[in-house]
$ cat run35.txt   # compact mmCIF, C-alpha atoms and all ligand atoms
# COMPACT_ATOMS: atom_id res chain seq x y z
CA MET V 299 174.75 44.91 111.36
CA ARG V 300 175.54 48.21 113.01
CA ASP V 301 176.52 47.99 116.69
CA PRO V 302 173.95 50.30 118.39
CA VAL V 303 176.24 51.01 121.33
CA SER V 304 179.57 51.49 119.57
CA PHE V 305 179.34 55.23 120.32
CA LEU V 306 179.93 54.52 124.02
CA GLY V 307 183.50 53.35 123.56
CA GLN V 308 184.20 55.89 120.81
CA GLU V 309 183.00 58.87 122.77
CA TYR V 310 184.86 57.76 125.88
CA ALA V 311 188.04 57.30 123.81
CA ASP V 312 187.55 60.85 122.48
CA LEU V 313 187.32 62.20 126.01
CA VAL V 314 190.49 60.33 126.98
CA ARG V 315 192.29 61.67 123.90
CA GLN V 316 191.31 65.24 124.79
CA GLU V 317 192.21 64.59 128.45
CA LEU V 318 188.64 65.49 129.44
CA ASP V 319 187.82 62.20 131.18
CA TRP V 320 187.66 62.03 134.96
CA LYS V 321 190.45 60.00 136.53
CA LEU V 322 188.97 59.03 139.85
CA ARG V 323 191.01 59.02 143.01
CA VAL V 324 189.95 56.61 145.76
CA LEU V 325 189.50 57.78 149.33
CA GLU V 326 190.35 54.80 151.55
CA GLY V 327 188.68 55.91 154.78
CA PRO V 328 186.87 59.00 156.07
CA SER V 329 187.04 62.48 154.58
CA ALA V 330 189.28 63.70 157.41
CA PRO V 331 191.99 66.38 157.32
CA TRP V 332 194.62 63.68 156.73
CA CYS V 333 193.29 60.95 154.49
CA GLN V 334 194.49 57.91 152.70
CA ILE V 335 194.03 58.44 148.95
CA ASP V 336 195.25 55.87 146.43
CA GLY V 337 197.49 54.42 149.13
CA LYS V 338 199.09 57.76 150.08
CA ARG V 339 198.56 59.80 153.24
CA VAL V 340 197.67 63.33 152.15
CA LEU V 341 196.13 66.51 153.49
CA MET V 342 192.58 66.93 152.16
CA PHE V 343 192.44 70.37 150.59
CA CYS V 344 189.53 70.27 148.16
CA SER V 345 186.53 68.62 149.82
CA ASN V 346 183.24 70.43 150.45
CA ASN V 347 183.34 69.25 154.04
CA TYR V 348 184.06 72.86 155.17
CA LEU V 349 183.54 72.27 158.87
CA GLY V 350 184.86 68.73 159.10
CA LEU V 351 181.41 67.47 160.14
CA SER V 352 181.40 64.41 157.89
CA ASN V 353 183.62 62.68 160.43
CA HIS V 354 182.35 64.44 163.59
CA PRO V 355 181.69 62.07 166.54
CA ARG V 356 178.23 63.55 167.27
CA LEU V 357 177.07 62.98 163.68
CA LYS V 358 178.50 59.46 163.63
CA ALA V 359 176.83 58.60 166.94
CA ALA V 360 173.47 59.98 165.75
CA ALA V 361 173.66 57.97 162.52
CA THR V 362 174.56 54.78 164.39
CA ARG V 363 171.70 55.28 166.85
CA ALA V 364 169.22 55.86 164.03
CA VAL V 365 170.23 52.59 162.37
CA GLU V 366 169.38 50.82 165.64
CA THR V 367 166.04 52.61 166.14
CA HIS V 368 164.85 53.05 162.52
CA GLY V 369 166.86 50.68 160.30
CA VAL V 370 168.94 51.46 157.25
CA GLY V 371 166.23 52.41 154.76
CA SER V 372 162.96 54.35 154.80
CA GLY V 373 161.06 51.78 152.74
CA SER V 374 159.38 54.20 150.34
CA VAL V 375 159.00 57.66 148.92
CA ARG V 376 157.81 60.23 151.45
CA PRO V 377 154.27 60.74 150.10
CA ILE V 378 153.53 57.00 150.38
CA ALA V 379 155.14 55.12 153.28
CA GLY V 380 158.57 56.68 153.73
CA ASN V 381 157.85 59.82 155.76
CA MET V 382 159.60 59.17 159.07
CA ASP V 383 159.54 61.25 162.24
CA LEU V 384 163.25 61.94 161.64
CA HIS V 385 162.50 63.60 158.27
CA VAL V 386 159.78 65.77 159.79
CA GLU V 387 161.93 66.75 162.77
CA LEU V 388 164.81 67.64 160.46
CA GLU V 389 162.60 70.04 158.50
CA HIS V 390 161.37 71.70 161.70
CA ARG V 391 164.89 72.11 163.01
CA LEU V 392 166.21 73.39 159.70
CA ALA V 393 163.44 76.00 159.39
CA LYS V 394 164.21 77.18 162.91
CA PHE V 395 167.95 77.31 162.18
CA LYS V 396 167.30 79.32 159.01
CA GLY V 397 164.73 81.59 160.61
CA ALA V 398 162.20 80.59 157.96
CA GLU V 399 158.55 79.64 158.27
CA ALA V 400 159.18 76.19 156.76
CA SER V 401 161.79 73.97 155.14
CA LEU V 402 161.62 70.93 152.89
CA VAL V 403 164.32 68.28 152.53
CA TYR V 404 165.03 66.73 149.13
CA GLN V 405 167.20 63.71 148.38
CA SER V 406 169.95 66.00 147.10
CA GLY V 407 170.61 69.58 146.14
CA PHE V 408 170.53 68.50 142.52
CA ALA V 409 167.07 66.98 143.07
CA ALA V 410 165.88 70.22 144.70
CA ASN V 411 166.99 72.44 141.81
CA SER V 412 165.95 70.10 139.02
CA GLY V 413 162.64 69.27 140.72
CA LEU V 414 161.51 72.67 141.91
CA ILE V 415 162.69 75.21 139.31
CA PRO V 416 160.52 73.82 136.48
CA GLN V 417 157.49 74.00 138.78
CA LEU V 418 158.06 77.59 139.82
CA ALA V 419 158.15 78.83 136.23
CA GLY V 420 156.49 77.31 133.18
CA GLU V 421 154.81 78.36 129.98
CA GLY V 422 154.30 82.12 129.77
CA ASP V 423 156.95 82.74 132.47
CA LEU V 424 160.56 83.92 132.36
CA ILE V 425 163.60 82.60 134.23
CA VAL V 426 166.55 84.97 134.56
CA SER V 427 169.79 83.27 135.56
CA ASP V 428 173.39 84.31 136.34
CA GLU V 429 175.58 83.04 133.48
CA LEU V 430 177.78 81.05 135.89
CA ASN V 431 175.04 79.29 137.85
CA HIS V 432 175.55 75.67 138.88
CA GLY V 433 174.73 72.83 136.47
CA SER V 434 171.80 71.64 138.58
CA ILE V 435 170.17 75.05 138.13
CA ILE V 436 170.87 74.89 134.41
CA ASP V 437 169.19 71.49 134.22
CA GLY V 438 166.24 72.74 136.28
CA VAL V 439 165.84 75.67 133.89
CA ARG V 440 166.05 73.35 130.88
CA LEU V 441 163.24 71.21 132.30
CA SER V 442 160.99 74.25 132.48
CA ARG V 443 158.80 75.47 129.61
CA ALA V 444 159.54 79.05 130.62
CA GLU V 445 161.52 81.44 128.45
CA ARG V 446 165.09 81.98 129.57
CA ALA V 447 167.48 84.87 129.84
CA VAL V 448 170.94 85.11 131.39
CA TYR V 449 172.68 88.12 132.88
CA HIS V 450 176.42 88.70 133.08
CA HIS V 451 178.01 87.13 136.12
CA THR V 452 176.97 89.00 139.33
CA ASP V 453 176.25 92.08 137.18
CA VAL V 454 173.22 93.77 138.74
CA ASP V 455 173.11 96.49 136.05
CA ASP V 456 172.82 93.81 133.41
CA LEU V 457 170.11 92.07 135.47
CA ARG V 458 168.23 95.38 135.60
CA LYS V 459 168.52 95.67 131.82
CA VAL V 460 167.23 92.11 131.30
CA LEU V 461 164.30 92.73 133.65
CA GLY V 462 163.56 96.06 131.96
CA THR V 463 163.36 94.34 128.57
CA ALA V 464 161.16 91.63 130.10
CA GLU V 465 158.77 94.28 131.34
CA ALA V 466 158.22 95.48 127.77
CA HIS V 467 157.51 91.94 126.59
CA ALA V 468 154.07 91.32 125.08
CA PRO V 469 152.15 89.40 126.14
CA ALA V 470 153.34 90.15 129.66
CA TYR V 471 155.09 87.32 131.48
CA ARG V 472 152.90 85.60 134.06
CA ARG V 473 155.79 85.20 136.50
CA ILE V 474 159.48 86.05 136.54
CA LEU V 475 162.03 84.00 138.50
CA VAL V 476 165.54 85.33 139.16
CA ILE V 477 168.04 82.61 140.13
CA THR V 478 171.58 82.88 141.40
CA ASP V 479 174.16 80.82 143.21
CA GLY V 480 174.96 82.40 146.59
CA VAL V 481 178.66 81.53 146.48
CA PHE V 482 180.03 80.56 143.07
CA SER V 483 181.85 77.28 143.41
CA MET V 484 184.60 77.79 140.83
CA ASP V 485 185.72 81.28 141.94
CA GLY V 486 184.53 81.55 145.53
CA ASP V 487 182.90 84.95 144.92
CA ILE V 488 179.63 85.95 146.59
CA ALA V 489 176.50 86.99 144.65
CA PRO V 490 175.38 90.55 145.53
CA LEU V 491 172.11 89.11 146.77
CA ASP V 492 171.00 92.30 148.51
CA ARG V 493 171.15 94.24 145.24
CA ILE V 494 169.76 91.35 143.19
CA ALA V 495 166.77 91.13 145.56
CA ALA V 496 166.24 94.90 145.36
CA VAL V 497 166.19 94.92 141.54
CA ALA V 498 164.00 91.81 141.38
CA GLY V 499 161.67 93.45 143.89
CA GLU V 500 161.27 96.50 141.65
CA HIS V 501 160.07 94.18 138.88
CA GLY V 502 157.87 91.92 141.00
CA ALA V 503 160.14 88.93 140.34
CA MET V 504 160.66 85.91 142.61
CA VAL V 505 164.20 85.41 143.95
CA TYR V 506 165.77 81.95 144.27
CA VAL V 507 169.26 81.53 145.75
CA ASP V 508 171.30 78.33 145.72
CA ASP V 509 173.37 78.61 148.89
CA ALA V 510 175.14 75.24 148.65
CA HIS V 511 178.53 76.87 149.35
CA GLY V 512 177.33 79.59 151.71
CA GLU V 513 175.78 77.43 154.39
CA GLY V 514 178.00 76.70 157.34
CA VAL V 515 180.28 79.42 155.99
CA LEU V 516 178.46 82.77 155.71
CA GLY V 517 176.02 84.51 158.02
CA ALA V 518 175.42 84.27 161.76
CA GLY V 519 176.71 80.88 162.96
CA GLY V 520 176.90 79.66 159.35
CA ARG V 521 173.21 80.27 158.63
CA GLY V 522 174.01 81.20 155.06
CA ILE V 523 173.73 84.02 152.57
CA VAL V 524 170.25 85.29 153.52
CA SER V 525 171.55 85.82 157.04
CA HIS V 526 174.84 87.25 155.69
CA PHE V 527 172.96 90.08 153.94
CA SER V 528 170.25 90.31 156.67
CA LEU V 529 167.54 89.84 154.05
CA ARG V 530 163.90 89.19 154.74
CA ARG V 531 161.97 86.19 153.53
CA ASP V 532 159.75 88.40 151.38
CA GLN V 533 162.91 89.54 149.53
CA VAL V 534 164.37 86.06 148.94
CA HIS V 535 161.55 83.66 148.26
CA VAL V 536 163.48 80.39 147.93
CA GLU V 537 166.68 79.68 149.85
CA MET V 538 167.99 76.39 148.57
CA GLY V 539 170.91 74.47 150.05
CA THR V 540 172.47 71.09 150.60
CA PHE V 541 173.50 68.89 153.50
CA SER V 542 176.33 67.48 151.35
CA LYS V 543 178.81 70.28 151.95
CA ALA V 544 179.34 72.12 155.26
CA PHE V 545 176.71 69.97 156.97
CA GLY V 546 178.89 66.96 156.14
CA VAL V 547 176.17 64.49 155.11
CA VAL V 548 173.91 64.48 152.00
CA GLY V 549 170.54 65.89 150.94
CA GLY V 550 169.10 69.06 149.46
CA HIS V 551 166.71 71.49 151.05
CA ILE V 552 164.70 74.65 150.56
CA SER V 553 163.54 77.20 153.10
CA GLY V 554 160.96 79.94 152.81
CA SER V 555 157.26 80.39 153.43
CA ARG V 556 154.84 77.63 154.41
CA SER V 557 153.09 78.07 151.06
CA LEU V 558 156.40 77.57 149.21
CA VAL V 559 156.98 74.27 151.01
CA ASP V 560 153.39 73.06 150.53
CA PHE V 561 153.61 73.89 146.83
CA ALA V 562 157.09 72.40 146.44
CA TYR V 563 156.43 68.98 147.90
CA ASN V 564 153.18 68.54 146.07
CA ARG V 565 154.70 69.51 142.72
CA SER V 566 158.39 68.48 142.63
CA ARG V 567 158.63 65.15 140.88
CA THR V 568 162.13 64.50 142.23
CA TRP V 569 160.64 64.72 145.74
CA LEU V 570 157.46 62.77 145.05
CA LEU V 571 158.95 59.92 143.04
CA SER V 572 162.30 59.17 144.66
CA GLY V 573 162.93 57.21 147.87
CA SER V 574 163.42 59.27 151.02
CA HIS V 575 166.65 59.49 152.98
CA PRO V 576 167.80 56.52 155.03
CA PRO V 577 167.28 57.17 158.78
CA PRO V 578 171.02 57.56 159.56
CA VAL V 579 171.21 60.33 156.96
CA ALA V 580 168.32 62.29 158.47
CA ALA V 581 169.69 61.74 162.00
CA ALA V 582 173.20 62.85 161.03
CA CYS V 583 171.77 66.01 159.38
CA LEU V 584 169.88 66.75 162.61
CA ALA V 585 173.11 66.32 164.57
CA ALA V 586 174.88 68.66 162.13
CA ILE V 587 172.36 71.39 162.97
CA ASP V 588 172.94 70.68 166.69
CA VAL V 589 176.69 71.07 166.18
CA LEU V 590 176.31 74.31 164.21
CA GLU V 591 174.12 75.72 166.99
CA SER V 592 176.30 74.61 169.91
CA GLU V 593 179.89 74.60 168.56
CA PRO V 594 180.48 77.96 166.86
CA GLU V 595 184.24 77.36 166.92
CA HIS V 596 184.13 75.41 163.65
CA VAL V 597 182.95 78.39 161.60
CA THR V 598 185.39 80.69 163.42
CA ARG V 599 188.32 78.38 162.70
CA LEU V 600 187.27 77.97 159.05
CA TRP V 601 187.57 81.73 158.56
CA GLU V 602 190.85 82.01 160.52
CA HIS V 603 192.45 79.36 158.28
CA THR V 604 190.88 80.91 155.18
CA ARG V 605 192.23 84.40 155.87
CA ARG V 606 195.68 83.06 156.65
CA PHE V 607 195.89 80.82 153.58
CA LYS V 608 194.59 83.50 151.19
CA LYS V 609 197.09 86.03 152.49
CA ALA V 610 199.97 83.53 152.26
CA MET V 611 199.08 82.64 148.66
CA LYS V 612 198.88 86.31 147.66
CA ASP V 613 202.12 87.16 149.47
CA LEU V 614 203.88 84.33 147.64
CA GLY V 615 202.67 85.78 144.35
CA PHE V 616 199.94 83.32 143.39
CA ARG V 617 196.87 84.73 141.66
CA THR V 618 193.76 83.86 143.67
CA GLY V 619 191.08 85.54 141.54
CA LYS V 620 188.15 87.28 143.18
CA SER V 621 187.42 84.77 145.93
CA GLU V 622 185.89 86.07 149.16
CA THR V 623 185.18 82.70 150.79
CA PRO V 624 186.96 79.48 151.88
CA ILE V 625 187.03 78.46 148.20
CA THR V 626 190.39 79.83 147.01
CA PRO V 627 191.28 79.18 143.38
CA ILE V 628 194.98 79.19 142.57
CA MET V 629 194.87 80.48 139.01
CA VAL V 630 197.32 78.75 136.70
CA GLY V 631 196.01 79.37 133.17
CA GLU V 632 196.87 76.42 130.98
CA SER V 633 195.20 73.09 131.86
CA GLY V 634 198.32 70.92 131.48
CA LEU V 635 200.13 73.14 133.98
CA ALA V 636 197.23 72.95 136.45
CA LYS V 637 197.32 69.16 136.24
CA ARG V 638 201.08 69.10 136.80
CA LEU V 639 200.73 71.38 139.80
CA SER V 640 198.03 69.17 141.29
CA GLN V 641 200.18 66.05 140.73
CA ARG V 642 203.22 67.68 142.35
CA LEU V 643 201.12 68.80 145.33
CA PHE V 644 199.86 65.24 145.71
CA GLU V 645 203.45 63.96 145.77
CA LEU V 646 204.22 66.57 148.42
CA GLY V 647 201.22 65.39 150.47
CA VAL V 648 198.43 67.84 149.57
CA PHE V 649 195.30 66.72 147.74
CA ALA V 650 193.88 69.60 145.64
CA LEU V 651 192.32 68.85 142.28
CA PRO V 652 192.72 70.94 139.14
CA ILE V 653 189.65 72.52 137.53
CA VAL V 654 190.07 72.65 133.79
CA PHE V 655 188.06 73.10 130.58
CA PRO V 656 185.10 72.52 130.11
CA MET V 657 184.34 73.38 133.76
CA VAL V 658 186.12 76.72 133.27
CA ALA V 659 187.34 78.53 130.15
CA LYS V 660 190.41 77.01 128.41
CA ASP V 661 192.87 79.62 129.68
CA GLN V 662 191.38 79.76 133.20
CA ALA V 663 192.58 76.41 134.59
CA ARG V 664 193.19 76.46 138.31
CA ILE V 665 193.67 74.44 141.44
CA ARG V 666 190.55 74.90 143.50
CA THR V 667 191.39 74.74 147.17
CA ILE V 668 188.67 74.53 149.80
CA MET V 669 189.55 75.27 153.40
CA ASN V 670 188.48 72.96 156.21
CA ALA V 671 187.91 73.87 159.85
CA ALA V 672 189.18 70.48 161.01
CA LEU V 673 192.73 71.35 159.90
CA THR V 674 195.22 72.51 162.53
CA ALA V 675 197.35 75.63 162.11
CA ASP V 676 200.30 73.27 161.42
CA ASP V 677 198.31 71.60 158.64
CA VAL V 678 197.73 74.98 157.01
CA THR V 679 201.47 75.75 157.31
CA PHE V 680 202.20 72.39 155.69
CA ALA V 681 199.86 73.22 152.77
CA ILE V 682 201.36 76.69 152.29
CA SER V 683 204.88 75.20 152.14
CA ALA V 684 203.79 72.57 149.61
CA PHE V 685 202.21 75.25 147.39
CA GLU V 686 205.36 77.35 147.62
CA LYS V 687 207.65 74.44 146.73
CA ALA V 688 205.47 73.16 143.85
CA GLY V 689 204.86 76.72 142.57
CA ARG V 690 208.61 77.44 142.42
CA GLU V 691 209.42 74.13 140.77
CA LEU V 692 206.84 74.82 138.05
CA HIS V 693 207.99 78.45 137.65
CA LEU V 694 204.64 79.85 138.74
CA LEU V 695 206.40 81.99 141.35
N1 LIG P 701 174.30 73.71 143.83
C1 LIG P 701 175.59 73.99 143.91
C2 LIG P 701 176.04 75.41 143.79
C3 LIG P 701 176.52 72.96 144.11
O1 LIG P 701 177.83 73.23 144.18
C4 LIG P 701 176.06 71.63 144.24
C5 LIG P 701 177.01 70.47 144.49
N2 LIG P 701 178.06 70.38 143.61
C6 LIG P 701 174.70 71.39 144.14
C7 LIG P 701 173.84 72.45 143.95
C8 LIG P 701 174.14 70.00 144.24
O2 LIG P 701 174.08 69.62 145.57
P1 LIG P 701 174.04 68.08 145.99
O3 LIG P 701 175.45 67.62 146.13
O4 LIG P 701 173.31 68.08 147.27
O5 LIG P 701 173.30 67.35 144.91
$ encode --input "run35.txt" --output "structure tokens" --more "lines below"
Ligand code: PMP
Amino acid sequence: MRDPVSFLGQEYADLVRQELDWKLRVLEGPSAPWCQIDGKRVLMFCSNNYLGLSNHPRLKAAATRAVETHGVGSGSVRPIAGNMDLHVELEHRLAKFKGAEASLVYQSGFAANSGLIPQLAGEGDLIVSDELNHGSIIDGVRLSRAERAVYHHTDVDDLRKVLGTAEAHAPAYRRILVITDGVFSMDGDIAPLDRIAAVAGEHGAMVYVDDAHGEGVLGAGGRGIVSHFSLRRDQVHVEMGTFSKAFGVVGGHISGSRSLVDFAYNRSRTWLLSGSHPPPVAAACLAAIDVLESEPEHVTRLWEHTRRFKKAMKDLGFRTGKSETPITPIMVGESGLAKRLSQRLFELGVFALPIVFPMVAKDQARIRTIMNAALTADDVTFAISAFEKAGRELHLL
């Protein structure tokens, strides 16, 4: 008899043979600037915890308090019995923070993209997507019955061409949805959202931006990419984000008009059919907004460290690609070399993972560093020295 699950072991073995399997490191304590990973004390240099909020005392206190007042679970999905005052308050506060009419919180950013995108565009519609958009957008698009088109990465002329062709399509598309990441997570470059919105506007298309890596980083007080470009809500119709990165907790969200939010929660299956956030999560997210509003120094320090580190890497002779944000890729080329550089950095006390094929093209392997506001200036100096030493040893400099 054939073993129906023999493919599991075989496919995993194939991944190991091609060195494409994930070898998981274990974080033995909080995601703090200095952490204990696999028994070694190292400087965290690749988390998404941009502002260090995941270990901030105000967030921890809020989460602890919420466990005492509301328990550890919500008991249900939100449309049935799991809609707590904390969830509702969080959405009010987020909308205010974003300067939007309304916001909606999903269980994760992935759930927001995969749940909402297929509802915004279906049969007879067209979705136009940047070729380097995040996987959760790609999955959301795949779940839709809409036709799909991609435009070259951040290339507004190509977007214009795609939309021009779409205009000539017969029968005419019912709706067109243009989707882009705000900050691209592998390169740290920023989508030209002002120009994307202008071109989409000329063609009557909706605009959806995934600002997972722009929140807490770009815009006034870290309000994100819509604020960064001073765009209006009738130019960017869906601003999607996540509490799992700069906000330091977990959970996805969208902001926009009241009608967007009313539509989204009634139609997104990920929202309707999945349990709502535990009270400490919602409370910690609320505290994160408080911190962003009252402690602007975190965003300021993030950018000070970022500018200094980028300049130091360039001055040393590393290639840092086209990054404009706290995500700074150190371009290495060949994947084996990127892995060796990461291993050497770990030995020297810096934790920065390599990004290799299939996440990026085969000859584009890199170490993706992500700056953190909780680091001290001495920590940044330490990281620069480690990169210099490892880079020289591996003949990258
Ligand atoms: N969009 C982008 C651009 C992301 O980088 C991520 C996280 N890797 C997500 C969406 C998903 O967010 P979450 O972690 O909240 O599921």
$ residues_near_point --input "run35.txt" --point "(194.7, 77.2, 134.4)" --cutoff "9 Å" --atoms "all atoms listed in the file" --output "PyMOL selection string"
chain V and resi 628-637+652-655+658-665
$ closest_residue --input "run35.txt" --among "V:Ser427, V:Thr598, V:Thr618, V:Thr452" --to "Val476 of chain V" --atoms "all atoms listed in the file"
V:Ser427
$ axis_aligned_box --input "run35.txt" --around "ligand LIG 701 (chain P)" --padding-each-side "5 Å" --output "lines of an AutoDock Vina configuration file"
center_x = 175.7
center_y = 71.4
center_z = 145.4
size_x = 14.8
size_y = 18.1
size_z = 13.7
$ residues_around --input "run35.txt" --residues "Asp487 of chain V" --least-positions-apart "5" --cutoff "7 Å" --atoms "all atoms listed in the file" --output "PyMOL selection string"
chain V and resi 481-482+620-623
$ residues_around --input "run35.txt" --residues "His596 of chain V" --least-positions-apart "2" --cutoff "12 Å" --atoms "all atoms listed in the file" --output "VMD selection string"
chain V and resid 347 to 351 354 514 to 515 519 to 520 544 to 545 586 589 to 594 598 to 603 669 to 674
$ atom_distance --input "run35.txt" --atom1 "atom CA of Ser553 of chain V" --atom2 "atom CA of Glu399 of chain V"
7.6 Å
$ residues_near_ligand --input "run35.txt" --ligand "ligand LIG 701 (chain P)" --cutoff "6 Å" --atoms "all atoms listed in the file" --output "MDAnalysis selection string"
chainID V and resid 406:408 432 434 479 483 508 510 540 542 548:550
$ decode --input "run35.txt" --residues "segment 333-341 of chain V" --atoms "all heavy atoms" --output "PDB file, in the first residue's frame"
ATOM      1  N   CYS V 333      19.521  40.414  23.583  1.00  0.00           N
ATOM      2  CA  CYS V 333      18.683  39.252  23.904  1.00  0.00           C
ATOM      3  C   CYS V 333      19.536  38.019  24.062  1.00  0.00           C
ATOM      4  O   CYS V 333      20.690  37.975  23.641  1.00  0.00           O
ATOM      5  CB  CYS V 333      17.695  38.892  22.813  1.00  0.00           C
ATOM      6  SG  CYS V 333      17.313  40.050  21.619  1.00  0.00           S
ATOM      7  N   GLN V 334      18.884  37.024  24.596  1.00  0.00           N
ATOM      8  CA  GLN V 334      19.504  35.716  24.725  1.00  0.00           C
ATOM      9  C   GLN V 334      18.914  34.873  23.591  1.00  0.00           C
ATOM     10  O   GLN V 334      17.712  34.625  23.560  1.00  0.00           O
ATOM     11  CB  GLN V 334      19.105  35.167  26.104  1.00  0.00           C
ATOM     12  CG  GLN V 334      19.572  33.784  26.385  1.00  0.00           C
ATOM     13  CD  GLN V 334      20.903  33.785  27.145  1.00  0.00           C
ATOM     14  OE1 GLN V 334      21.487  34.855  27.411  1.00  0.00           O
ATOM     15  NE2 GLN V 334      21.384  32.610  27.457  1.00  0.00           N
ATOM     16  N   ILE V 335      19.773  34.468  22.647  1.00  0.00           N
ATOM     17  CA  ILE V 335      19.304  33.633  21.533  1.00  0.00           C
ATOM     18  C   ILE V 335      20.170  32.385  21.459  1.00  0.00           C
ATOM     19  O   ILE V 335      21.401  32.484  21.376  1.00  0.00           O
ATOM     20  CB  ILE V 335      19.360  34.409  20.197  1.00  0.00           C
ATOM     21  CG1 ILE V 335      18.393  35.604  20.246  1.00  0.00           C
ATOM     22  CG2 ILE V 335      19.018  33.495  19.015  1.00  0.00           C
ATOM     23  CD1 ILE V 335      18.346  36.452  18.992  1.00  0.00           C
ATOM     24  N   ASP V 336      19.529  31.236  21.527  1.00  0.00           N
ATOM     25  CA  ASP V 336      20.246  29.950  21.527  1.00  0.00           C
ATOM     26  C   ASP V 336      21.402  29.977  22.525  1.00  0.00           C
ATOM     27  O   ASP V 336      22.524  29.551  22.223  1.00  0.00           O
ATOM     28  CB  ASP V 336      20.776  29.613  20.119  1.00  0.00           C
ATOM     29  CG  ASP V 336      19.642  29.319  19.157  1.00  0.00           C
ATOM     30  OD1 ASP V 336      18.517  29.032  19.625  1.00  0.00           O
ATOM     31  OD2 ASP V 336      19.866  29.389  17.938  1.00  0.00           O
ATOM     32  N   GLY V 337      21.125  30.540  23.693  1.00  0.00           N
ATOM     33  CA  GLY V 337      22.118  30.510  24.770  1.00  0.00           C
ATOM     34  C   GLY V 337      23.173  31.596  24.666  1.00  0.00           C
ATOM     35  O   GLY V 337      24.074  31.664  25.510  1.00  0.00           O
ATOM     36  N   LYS V 338      23.112  32.454  23.649  1.00  0.00           N
ATOM     37  CA  LYS V 338      24.147  33.487  23.502  1.00  0.00           C
ATOM     38  C   LYS V 338      23.532  34.877  23.615  1.00  0.00           C
ATOM     39  O   LYS V 338      22.446  35.124  23.097  1.00  0.00           O
ATOM     40  CB  LYS V 338      24.814  33.311  22.126  1.00  0.00           C
ATOM     41  CG  LYS V 338      26.019  34.200  21.933  1.00  0.00           C
ATOM     42  CD  LYS V 338      26.772  33.841  20.659  1.00  0.00           C
ATOM     43  CE  LYS V 338      27.726  34.936  20.237  1.00  0.00           C
ATOM     44  NZ  LYS V 338      28.765  35.261  21.207  1.00  0.00           N
ATOM     45  N   ARG V 339      24.254  35.767  24.291  1.00  0.00           N
ATOM     46  CA  ARG V 339      23.779  37.153  24.423  1.00  0.00           C
ATOM     47  C   ARG V 339      24.183  37.922  23.160  1.00  0.00           C
ATOM     48  O   ARG V 339      25.383  38.014  22.842  1.00  0.00           O
ATOM     49  CB  ARG V 339      24.424  37.785  25.657  1.00  0.00           C
ATOM     50  CG  ARG V 339      23.810  39.093  26.084  1.00  0.00           C
ATOM     51  CD  ARG V 339      24.452  39.512  27.411  1.00  0.00           C
ATOM     52  NE  ARG V 339      25.113  40.807  27.290  1.00  0.00           N
ATOM     53  CZ  ARG V 339      24.499  41.979  27.395  1.00  0.00           C
ATOM     54  NH1 ARG V 339      23.211  42.003  27.652  1.00  0.00           N
ATOM     55  NH2 ARG V 339      25.163  43.109  27.262  1.00  0.00           N
ATOM     56  N   VAL V 340      23.188  38.408  22.447  1.00  0.00           N
ATOM     57  CA  VAL V 340      23.478  39.103  21.177  1.00  0.00           C
ATOM     58  C   VAL V 340      22.630  40.364  21.045  1.00  0.00           C
ATOM     59  O   VAL V 340      21.580  40.505  21.671  1.00  0.00           O
ATOM     60  CB  VAL V 340      23.195  38.200  19.946  1.00  0.00           C
ATOM     61  CG1 VAL V 340      24.244  37.138  19.765  1.00  0.00           C
ATOM     62  CG2 VAL V 340      21.803  37.596  20.008  1.00  0.00           C
ATOM     63  N   LEU V 341      23.101  41.239  20.181  1.00  0.00           N
ATOM     64  CA  LEU V 341      22.362  42.465  19.878  1.00  0.00           C
ATOM     65  C   LEU V 341      21.322  42.147  18.810  1.00  0.00           C
ATOM     66  O   LEU V 341      21.664  41.642  17.736  1.00  0.00           O
ATOM     67  CB  LEU V 341      23.352  43.509  19.351  1.00  0.00           C
ATOM     68  CG  LEU V 341      22.834  44.938  19.198  1.00  0.00           C
ATOM     69  CD1 LEU V 341      22.519  45.548  20.559  1.00  0.00           C
ATOM     70  CD2 LEU V 341      23.884  45.795  18.473  1.00  0.00           C
TER      71      LEU V 341
END
